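Here's the structure, in structure tokens; my notes come after.
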Amino acid sequence: MSAGEASVAAHRPAGDRSLQQAVAIALLAAALVFVCILAIGVGPAALPPGRVLAILAAGPHGTAYPLGDTVIVWQIRLPRVLMGALIGATLALAGAVMQGLFRNPLADPGIVGVSSGAALGAVAMIVLGGGPLAPVALLLGPYALLVAAFVGGLLATLVLYVIATRGGLTSVATMLLAGIALGAFAAALTGLMIFGSTDTQLRDITFWSLGGLGGLTWTKLFVTAPVMLAILVAAPVLARGLDALVLGEAEAFHLGFRVQRLKRLAIFLVAAATGAAVAVSGSIGFVGIVVPHLLRLAVGADHRFLLPASALGGGVLLVLADMGARTLVAPAELPIGIITATLGAPFFLWLLLQRRALTGV
Amino acid sequence: MLLTLDDVCVRADGQQILGPVSIALQPRTLTAVVGPNGAGKSTLVKAMSGEIHPAAGRVRLDGDDVATLAPAILATRRAVLPQASAIAFPFTVFEIVQLGLRQRGGLDASARRRIVAEALAIVDLARFGDRLYPSLSGGEQQRTQLARVLCQIGAPVETGRAKLLILDEPTASLDVRHQVDVLAVARRFADAGGAVVAVLHDLNLAAGFADRVLLMQSGRIVADEAPEPLLAGGQLADVFGIRMVVLRPAGWLRSAVLPDFPSLALSG
């Protein structure tokens, strides 16, 4: 390469996608705001986006619009849409971090049993919260379900990591199979809990496990949203380390990262994110695998881009899915998990086929 | 001394897999590590890089115990080219190479781009910046990794301190011209004041580029010599278990070594 070419390359080097990535993040942020406003307008009482904006601008006690519209926007739809965006963001982020940790695009909390572990934690808290776990439930108050789901998710992630990773290398087959076993085991224990539950508890469990964002209030939002926001804000700290981990554990160490600490942080974050999402809305699958994968294909795998972009993209996807859940069979409401699974499962199969074509296994 | 190993032993599952080994490496040298499969070459360089901690003995880099240096500090003084590594995500070559700069502060965006472009040019991948790493051939991937390592290590000497470059089978999947190119890069790094340790399978590359060859067998260093005397002695044949022919082509300044195939065919 001549000096002239070198200076041109230094100006705009091929393969540097930081500009496209910055643009993509801006576009995703704009898309998220747009779908949120759209989603607030959609429902039995339809409101055009302009009106939604005006009502939002007028505040929760605004008087320029009919009280009914203000209540619908501020008290019913806004908390639901915000929660949907937060859950989607948290799920997609958990997927992206887990895939980085396992160095594999097929790792997802929903697929490898982490969500099942979190669900087991949540159900255990509902069933045992009045009995053996009463002191814990009392101590944690409104956070009990959240913490229980986190502990369940953490245990599942740890077990999975120990089983699937040997000497810094993760076996994909072992990870997926262990995930299936782990998910089945957690589901069996969950079934056992449900078997032993009282009628009231059963009702609580059913409502919780149907997932969906129906009946979301500001009070519920205030319990979970700070945890999710903290996760979303903390995650980018991991980005540089996850990028190094892409090269391998030894390579990440050679590059100057404390690999054990990095992995512990990533595991904690995946469990916290999955636990928070599951505690609010039950298991919503495939967001964590679809969003990061599409973003990697389209704009790049650099985690400094991927983590925030996944969060934004996950928010967009889940707000849209929730819009579908509310409108497809109106006046009834579909569980949102049905929508994400209907779209996500075929996507996952496509991903597997694509990998088979690529690697021959 | 840049790097010293004092009676270093490494154990795995209760078995001693390396040592005791004592070596001292000086700046401006390229040291080749050769030996049969399983002789402990990779274990030796892993102990040198701080990746595995010895069960006994000490590894010192510029007098500091490698086991107690923070990884981030260590990363500024030594870099490691790993054996072939697969990456499951679609990173571009540019993105992989600039990972080597992530821990280096005090560089603005244009300086980073320039350093990456230079490193890519050095490994003959100047036009590969926008290619996706997983789509490259094994040899191209290895050269991409070398460019990343060169970005990490920077100048061979900085603020009076020489740096160490560890290459674990850097030529394993390269064609013959790029094998020579890569070792020439390593040689220049050493000549400019750094130190290089390279695990090599090709004895001629070792003889052609190294000042010193460590011959390993069963976890120990059984010979530690300049290439010419090592080739002249009979030890290589003993350690590798195959007869060798040493040649001195007319006009060459060094010898070449060939495994003795015909005798193998006859004995087989």
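Ordered as shown in the structure tokens, chains take letters A, B, and onward, while each chain numbers its residues from 1 and ligands are numbered from 1 in the order shown.
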
**Request:** Write down, as a ChimeraX atom specification, each residue of chain A that has any atom within 8 Å of an atom of chain B, counting only C-alpha atoms.
**Result:** /A:1,6-7,9-11,13-16,103-105,240,243-244,246-248,250-251,253-258,296-297,300-302

Restrict the selected residues to N, CA, C and O atoms and save them as a CSV table (one decimal), in the first residue's frame.
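Saved result, part19.csv, follows:
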chain,number,residue,atom,x,y,z
A,1,MET,N,0.8,-1.2,0.0
A,1,MET,CA,0.0,0.0,0.0
A,1,MET,C,0.9,1.2,0.0
A,1,MET,O,1.8,1.4,0.8
A,6,ALA,N,-2.7,5.0,2.0
A,6,ALA,CA,-2.8,4.9,3.4
A,6,ALA,C,-3.5,6.1,4.0
A,6,ALA,O,-4.3,6.0,4.9
A,7,SER,N,-3.2,7.3,3.5
A,7,SER,CA,-3.8,8.5,4.1
A,7,SER,C,-5.3,8.6,3.7
A,7,SER,O,-6.1,9.0,4.5
A,9,ALA,N,-7.1,5.9,3.3
A,9,ALA,CA,-7.7,4.9,4.2
A,9,ALA,C,-7.9,5.4,5.6
A,9,ALA,O,-8.9,5.2,6.3
A,10,ALA,N,-6.9,6.2,6.1
A,10,ALA,CA,-7.0,6.8,7.4
A,10,ALA,C,-8.2,7.7,7.5
A,10,ALA,O,-8.7,7.9,8.6
A,11,HIS,N,-8.5,8.3,6.4
A,11,HIS,CA,-9.6,9.3,6.4
A,11,HIS,C,-10.9,8.6,6.5
A,11,HIS,O,-11.8,8.9,7.4
A,13,PRO,N,-11.7,4.7,6.5
A,13,PRO,CA,-11.3,3.3,6.3
A,13,PRO,C,-12.5,2.4,6.1
A,13,PRO,O,-13.6,2.6,6.6
A,14,ALA,N,-12.3,1.5,5.1
A,14,ALA,CA,-13.3,0.5,4.8
A,14,ALA,C,-13.4,-0.4,6.1
A,14,ALA,O,-12.5,-0.8,6.7
A,15,GLY,N,-14.7,-0.8,6.4
A,15,GLY,CA,-14.9,-1.7,7.5
A,15,GLY,C,-15.2,-1.0,8.8
A,15,GLY,O,-15.5,-1.6,9.8
A,16,ASP,N,-15.0,0.4,8.8
A,16,ASP,CA,-15.3,1.1,10.0
A,16,ASP,C,-16.8,1.5,9.9
A,16,ASP,O,-17.1,2.4,9.1
A,103,ARG,N,-20.4,-16.5,23.5
A,103,ARG,CA,-19.8,-16.3,22.2
A,103,ARG,C,-20.6,-17.1,21.2
A,103,ARG,O,-20.0,-17.8,20.3
A,104,ASN,N,-21.9,-17.0,21.3
A,104,ASN,CA,-22.7,-17.8,20.4
A,104,ASN,C,-24.0,-17.1,20.1
A,104,ASN,O,-24.7,-16.7,21.1
A,105,PRO,N,-24.4,-16.9,18.8
A,105,PRO,CA,-25.7,-16.2,18.6
A,105,PRO,C,-26.9,-17.0,18.9
A,105,PRO,O,-28.0,-16.4,18.8
A,240,ARG,N,-17.1,-3.1,26.0
A,240,ARG,CA,-15.7,-3.3,25.6
A,240,ARG,C,-15.2,-4.7,26.0
A,240,ARG,O,-14.6,-5.4,25.2
A,243,ASP,N,-16.7,-7.3,23.7
A,243,ASP,CA,-16.0,-7.3,22.4
A,243,ASP,C,-14.7,-8.1,22.4
A,243,ASP,O,-14.4,-8.9,21.5
A,244,ALA,N,-14.0,-7.9,23.5
A,244,ALA,CA,-12.8,-8.7,23.7
A,244,ALA,C,-13.0,-10.2,23.8
A,244,ALA,O,-12.3,-11.0,23.3
A,246,VAL,N,-15.3,-11.8,22.5
A,246,VAL,CA,-15.6,-12.4,21.2
A,246,VAL,C,-14.4,-13.1,20.6
A,246,VAL,O,-14.5,-14.2,20.0
A,247,LEU,N,-13.2,-12.6,20.9
A,247,LEU,CA,-12.0,-13.3,20.4
A,247,LEU,C,-11.7,-14.5,21.2
A,247,LEU,O,-10.9,-15.4,20.7
A,248,GLY,N,-12.2,-14.7,22.4
A,248,GLY,CA,-11.9,-15.9,23.2
A,248,GLY,C,-11.5,-15.4,24.6
A,248,GLY,O,-11.1,-14.2,24.8
A,250,ALA,N,-9.0,-16.4,26.6
A,250,ALA,CA,-7.5,-16.1,26.8
A,250,ALA,C,-7.2,-14.8,26.1
A,250,ALA,O,-6.5,-14.0,26.6
A,251,GLU,N,-7.8,-14.6,24.9
A,251,GLU,CA,-7.5,-13.4,24.1
A,251,GLU,C,-8.0,-12.1,24.9
A,251,GLU,O,-7.3,-11.1,24.9
A,253,PHE,N,-8.1,-11.8,28.1
A,253,PHE,CA,-7.1,-11.6,29.1
A,253,PHE,C,-5.9,-10.9,28.5
A,253,PHE,O,-5.4,-10.0,29.1
A,254,HIS,N,-5.4,-11.4,27.4
A,254,HIS,CA,-4.2,-10.8,26.7
A,254,HIS,C,-4.5,-9.4,26.4
A,254,HIS,O,-3.5,-8.6,26.5
A,255,LEU,N,-5.7,-9.0,26.1
A,255,LEU,CA,-6.0,-7.6,25.7
A,255,LEU,C,-6.1,-6.8,27.0
A,255,LEU,O,-6.3,-5.5,26.9
A,256,GLY,N,-6.1,-7.4,28.2
A,256,GLY,CA,-6.0,-6.6,29.4
A,256,GLY,C,-7.3,-6.6,30.2
A,256,GLY,O,-7.5,-5.7,31.1
A,257,PHE,N,-8.2,-7.5,29.9
A,257,PHE,CA,-9.5,-7.5,30.7
A,257,PHE,C,-9.4,-8.6,31.8
A,257,PHE,O,-8.8,-9.6,31.6
A,258,ARG,N,-10.1,-8.3,32.9
A,258,ARG,CA,-10.2,-9.2,34.0
A,258,ARG,C,-11.4,-10.1,33.6
A,258,ARG,O,-12.6,-9.8,33.8
A,296,ARG,N,-27.0,-7.4,14.2
A,296,ARG,CA,-25.6,-7.8,13.8
A,296,ARG,C,-25.5,-7.9,12.3
A,296,ARG,O,-24.5,-7.5,11.7
A,297,LEU,N,-26.5,-8.5,11.7
A,297,LEU,CA,-26.5,-8.7,10.3
A,297,LEU,C,-26.5,-7.4,9.6
A,297,LEU,O,-25.8,-7.2,8.6
A,300,GLY,N,-23.9,-4.4,12.4
A,300,GLY,CA,-22.6,-4.8,13.0
A,300,GLY,C,-22.7,-5.4,14.4
A,300,GLY,O,-23.7,-5.3,15.1
A,301,ALA,N,-21.6,-6.1,14.8
A,301,ALA,CA,-21.7,-6.9,16.1
A,301,ALA,C,-21.0,-6.2,17.2
A,301,ALA,O,-21.0,-6.7,18.3
A,302,ASP,N,-20.3,-5.1,17.0
A,302,ASP,CA,-19.6,-4.3,18.0
A,302,ASP,C,-20.6,-4.0,19.2
A,302,ASP,O,-21.6,-3.4,19.0

**Message:** Excluding Gly193 (chain B) and its own-chain neighbours fewer than 5 positions away, which residues fall within 9 Å of it when counting only C-alpha atoms? Please give them as a ChimeraX atom specification.
**Reply:** /B:27-29,156-157,162-163,188

Residues just named, written with C-alpha atoms as a JSON list (two decimals), in the first residue's frame:
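Output contents, as saved in again-v5.json:
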[["chain", "number", "residue", "atom", "x", "y", "z"],
["B", 27, "PRO", "CA", 15.46, -7.37, 24.06],
["B", 28, "ARG", "CA", 16.44, -7.47, 20.38],
["B", 29, "THR", "CA", 16.07, -11.25, 20.21],
["B", 156, "PRO", "CA", 8.78, -2.31, 20.21],
["B", 157, "VAL", "CA", 10.25, 0.10, 22.77],
["B", 162, "ALA", "CA", 11.14, -3.04, 25.62],
["B", 163, "LYS", "CA", 8.01, -5.05, 24.87],
["B", 188, "ARG", "CA", 11.79, -6.35, 12.47]]

**Request:** Give the helix (DSSP H, G or I) residues of region 10-243 of chain B, as DSSP finds them on the backbone, and put them as an MDAnalysis selection string.
**Result:** chainID B and resid 41:49 71:77 93:101 109:122 133:135 138:153 176:191 203:209 227:232 235:240

Extract, using only C-alpha atoms, all DNA, RNA and protein residues at most 6 Å from region 221-232 of chain B, discarding same-chain residues fewer than 2 positions from it, and format them as a short mmCIF file (atom, residue, chain, number, x, y, z; two decimals) with N, CA, C and O atoms, in the first residue's frame.
data_model
loop_
_atom_site.label_atom_id
_atom_site.label_comp_id
_atom_site.auth_asym_id
_atom_site.auth_seq_id
_atom_site.Cartn_x
_atom_site.Cartn_y
_atom_site.Cartn_z
N ALA B 207 15.19 -21.65 11.97
CA ALA B 207 16.61 -21.44 11.70
C ALA B 207 16.84 -20.14 10.94
O ALA B 207 17.86 -19.46 11.13
N ASP B 211 17.26 -16.01 16.67
CA ASP B 211 18.62 -15.93 17.19
C ASP B 211 18.91 -17.15 18.04
O ASP B 211 20.06 -17.52 18.27
N ARG B 212 17.83 -17.73 18.52
CA ARG B 212 17.98 -18.73 19.56
C ARG B 212 16.80 -19.69 19.44
O ARG B 212 15.68 -19.25 19.16
N VAL B 213 17.05 -20.95 19.62
CA VAL B 213 15.97 -21.93 19.51
C VAL B 213 15.89 -22.73 20.81
O VAL B 213 16.90 -23.25 21.30
N LEU B 214 14.68 -22.79 21.37
CA LEU B 214 14.44 -23.64 22.54
C LEU B 214 13.81 -24.94 22.02
O LEU B 214 12.73 -24.90 21.45
N LEU B 215 14.48 -26.03 22.25
CA LEU B 215 13.94 -27.32 21.81
C LEU B 215 13.30 -27.98 23.02
O LEU B 215 13.94 -28.15 24.07
N MET B 216 12.03 -28.32 22.89
CA MET B 216 11.31 -28.88 24.04
C MET B 216 10.94 -30.34 23.82
O MET B 216 10.69 -30.79 22.71
#

**Request:** Considering only C-alpha atoms, return as a PyMOL selection string whatever protein or nucleic-acid residues lie within 9 Å of Ala206 (chain B), sequence-local ones (same chain, fewer than 4 positions apart) excluded.
**Result:** chain B and resi 31-34+198-202+210-213+227

Restricted to N, CA, C and O atoms, what would the selected residues look like written as a PDB file, in the first residue's frame?
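So the final result, stored in part-v7.pdb, reads:
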ATOM      1  N   THR B  31      13.225 -15.545  19.711  1.00  0.00           N
ATOM      2  CA  THR B  31      13.450 -16.893  20.217  1.00  0.00           C
ATOM      3  C   THR B  31      12.383 -17.817  19.666  1.00  0.00           C
ATOM      4  O   THR B  31      11.191 -17.551  19.823  1.00  0.00           O
ATOM      5  N   ALA B  32      12.811 -18.893  19.010  1.00  0.00           N
ATOM      6  CA  ALA B  32      11.847 -19.867  18.499  1.00  0.00           C
ATOM      7  C   ALA B  32      11.714 -21.000  19.513  1.00  0.00           C
ATOM      8  O   ALA B  32      12.692 -21.390  20.143  1.00  0.00           O
ATOM      9  N   VAL B  33      10.486 -21.478  19.683  1.00  0.00           N
ATOM     10  CA  VAL B  33      10.250 -22.639  20.529  1.00  0.00           C
ATOM     11  C   VAL B  33       9.811 -23.772  19.608  1.00  0.00           C
ATOM     12  O   VAL B  33       8.812 -23.652  18.894  1.00  0.00           O
ATOM     13  N   VAL B  34      10.587 -24.840  19.579  1.00  0.00           N
ATOM     14  CA  VAL B  34      10.239 -25.966  18.708  1.00  0.00           C
ATOM     15  C   VAL B  34      10.167 -27.232  19.551  1.00  0.00           C
ATOM     16  O   VAL B  34      10.662 -27.286  20.680  1.00  0.00           O
ATOM     17  N   ALA B 198       8.380 -17.150  19.505  1.00  0.00           N
ATOM     18  CA  ALA B 198       7.463 -17.735  18.531  1.00  0.00           C
ATOM     19  C   ALA B 198       7.506 -19.256  18.609  1.00  0.00           C
ATOM     20  O   ALA B 198       8.583 -19.849  18.512  1.00  0.00           O
ATOM     21  N   VAL B 199       6.343 -19.867  18.804  1.00  0.00           N
ATOM     22  CA  VAL B 199       6.248 -21.320  18.705  1.00  0.00           C
ATOM     23  C   VAL B 199       6.171 -21.655  17.226  1.00  0.00           C
ATOM     24  O   VAL B 199       5.322 -21.136  16.510  1.00  0.00           O
ATOM     25  N   LEU B 200       7.089 -22.486  16.746  1.00  0.00           N
ATOM     26  CA  LEU B 200       7.139 -22.797  15.315  1.00  0.00           C
ATOM     27  C   LEU B 200       7.236 -24.298  15.106  1.00  0.00           C
ATOM     28  O   LEU B 200       7.868 -25.008  15.884  1.00  0.00           O
ATOM     29  N   HIS B 201       6.584 -24.761  14.046  1.00  0.00           N
ATOM     30  CA  HIS B 201       6.743 -26.165  13.682  1.00  0.00           C
ATOM     31  C   HIS B 201       7.785 -26.337  12.589  1.00  0.00           C
ATOM     32  O   HIS B 201       8.376 -27.398  12.440  1.00  0.00           O
ATOM     33  N   ASP B 202       7.953 -25.252  11.805  1.00  0.00           N
ATOM     34  CA  ASP B 202       8.866 -25.343  10.676  1.00  0.00           C
ATOM     35  C   ASP B 202      10.285 -25.008  11.142  1.00  0.00           C
ATOM     36  O   ASP B 202      10.607 -23.868  11.469  1.00  0.00           O
ATOM     37  N   ALA B 210      15.295 -16.984  13.786  1.00  0.00           N
ATOM     38  CA  ALA B 210      15.531 -16.877  15.229  1.00  0.00           C
ATOM     39  C   ALA B 210      17.008 -16.698  15.547  1.00  0.00           C
ATOM     40  O   ALA B 210      17.887 -17.145  14.802  1.00  0.00           O
ATOM     41  N   ASP B 211      17.261 -16.006  16.671  1.00  0.00           N
ATOM     42  CA  ASP B 211      18.624 -15.928  17.193  1.00  0.00           C
ATOM     43  C   ASP B 211      18.910 -17.154  18.042  1.00  0.00           C
ATOM     44  O   ASP B 211      20.057 -17.517  18.270  1.00  0.00           O
ATOM     45  N   ARG B 212      17.833 -17.733  18.523  1.00  0.00           N
ATOM     46  CA  ARG B 212      17.982 -18.731  19.560  1.00  0.00           C
ATOM     47  C   ARG B 212      16.802 -19.686  19.440  1.00  0.00           C
ATOM     48  O   ARG B 212      15.678 -19.252  19.161  1.00  0.00           O
ATOM     49  N   VAL B 213      17.049 -20.950  19.621  1.00  0.00           N
ATOM     50  CA  VAL B 213      15.975 -21.934  19.514  1.00  0.00           C
ATOM     51  C   VAL B 213      15.894 -22.726  20.810  1.00  0.00           C
ATOM     52  O   VAL B 213      16.899 -23.248  21.298  1.00  0.00           O
ATOM     53  N   PRO B 227      20.558 -21.339  16.155  1.00  0.00           N
ATOM     54  CA  PRO B 227      20.073 -22.333  15.183  1.00  0.00           C
ATOM     55  C   PRO B 227      21.171 -23.220  14.592  1.00  0.00           C
ATOM     56  O   PRO B 227      20.996 -24.437  14.523  1.00  0.00           O
TER      57      PRO B 227
END

**Request:** Name the residues of region 95-343 of chain A that come out as strand (DSSP E) in a backbone DSSP run; write them as a ChimeraX atom specification.
**Result:** /A:165-166,169-170

**Request:** Could you check how far CA of Val227 (chain A) sits from CA of Val147 (chain A), in Å to one decimal?
**Result:**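 Distance reported for this atom pair: 10.5 Å.
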
**Item:** Among listed residues A:Thr157, A:Ser209, A:Gln201, A:Thr190, nearest Gly282 (chain A) (using only C-alpha atoms)
**Value:** A:Ser209

**Request:** Name the residues in contact with region 250-257 of chain B at a cut-off of 8 Å, using only C-alpha atoms, excluding same-chain residues fewer than 3 positions from it; report them as JSON, numbers by chain.
**Result:** {"B": [203, 204, 207, 208, 228, 231, 244, 245, 246, 247]}

N, CA, C and O atoms of the current selection, written as a compact mmCIF listing (two decimals), in the first residue's frame:
# COMPACT_ATOMS: atom_id res chain seq x y z
N LEU B 203 11.15 -26.02 11.16
CA LEU B 203 12.50 -25.84 11.68
C LEU B 203 13.31 -24.88 10.81
O LEU B 203 14.18 -24.17 11.31
N ASN B 204 13.00 -24.84 9.51
CA ASN B 204 13.73 -23.93 8.65
C ASN B 204 13.37 -22.48 8.90
O ASN B 204 14.22 -21.60 8.84
N ALA B 207 15.19 -21.65 11.97
CA ALA B 207 16.61 -21.44 11.70
C ALA B 207 16.84 -20.14 10.94
O ALA B 207 17.86 -19.46 11.13
N GLY B 208 15.89 -19.76 10.10
CA GLY B 208 16.07 -18.58 9.26
C GLY B 208 15.84 -17.27 9.99
O GLY B 208 16.39 -16.24 9.60
N GLU B 228 22.30 -22.61 14.18
CA GLU B 228 23.30 -23.41 13.46
C GLU B 228 23.84 -24.59 14.28
O GLU B 228 23.80 -25.73 13.81
N LEU B 231 21.19 -27.30 14.57
CA LEU B 231 21.00 -28.12 13.37
C LEU B 231 22.17 -29.07 13.20
O LEU B 231 22.01 -30.22 12.77
N MET B 244 17.10 -36.55 10.11
CA MET B 244 17.11 -35.26 9.44
C MET B 244 18.35 -35.13 8.58
O MET B 244 19.42 -35.62 8.94
N VAL B 245 18.18 -34.45 7.46
CA VAL B 245 19.32 -34.14 6.61
C VAL B 245 19.57 -32.65 6.70
O VAL B 245 18.64 -31.86 6.52
N VAL B 246 20.79 -32.25 7.02
CA VAL B 246 21.12 -30.83 7.07
C VAL B 246 21.91 -30.47 5.83
O VAL B 246 22.89 -31.13 5.50
N LEU B 247 21.42 -29.45 5.11
CA LEU B 247 22.04 -29.06 3.85
C LEU B 247 22.58 -27.64 3.96
O LEU B 247 22.08 -26.84 4.75

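Closest to Phe150 (chain A) among A:Ile336, A:Ala118, A:Val290, A:Leu232 is A:Ala118, based on only C-alpha atoms.
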
**Prompt:** What does the distance from CA of Gly106 (chain B) to CA of Glu249 (chain A) come to in Å, to one decimal?
**Reply:** 25.9 Å
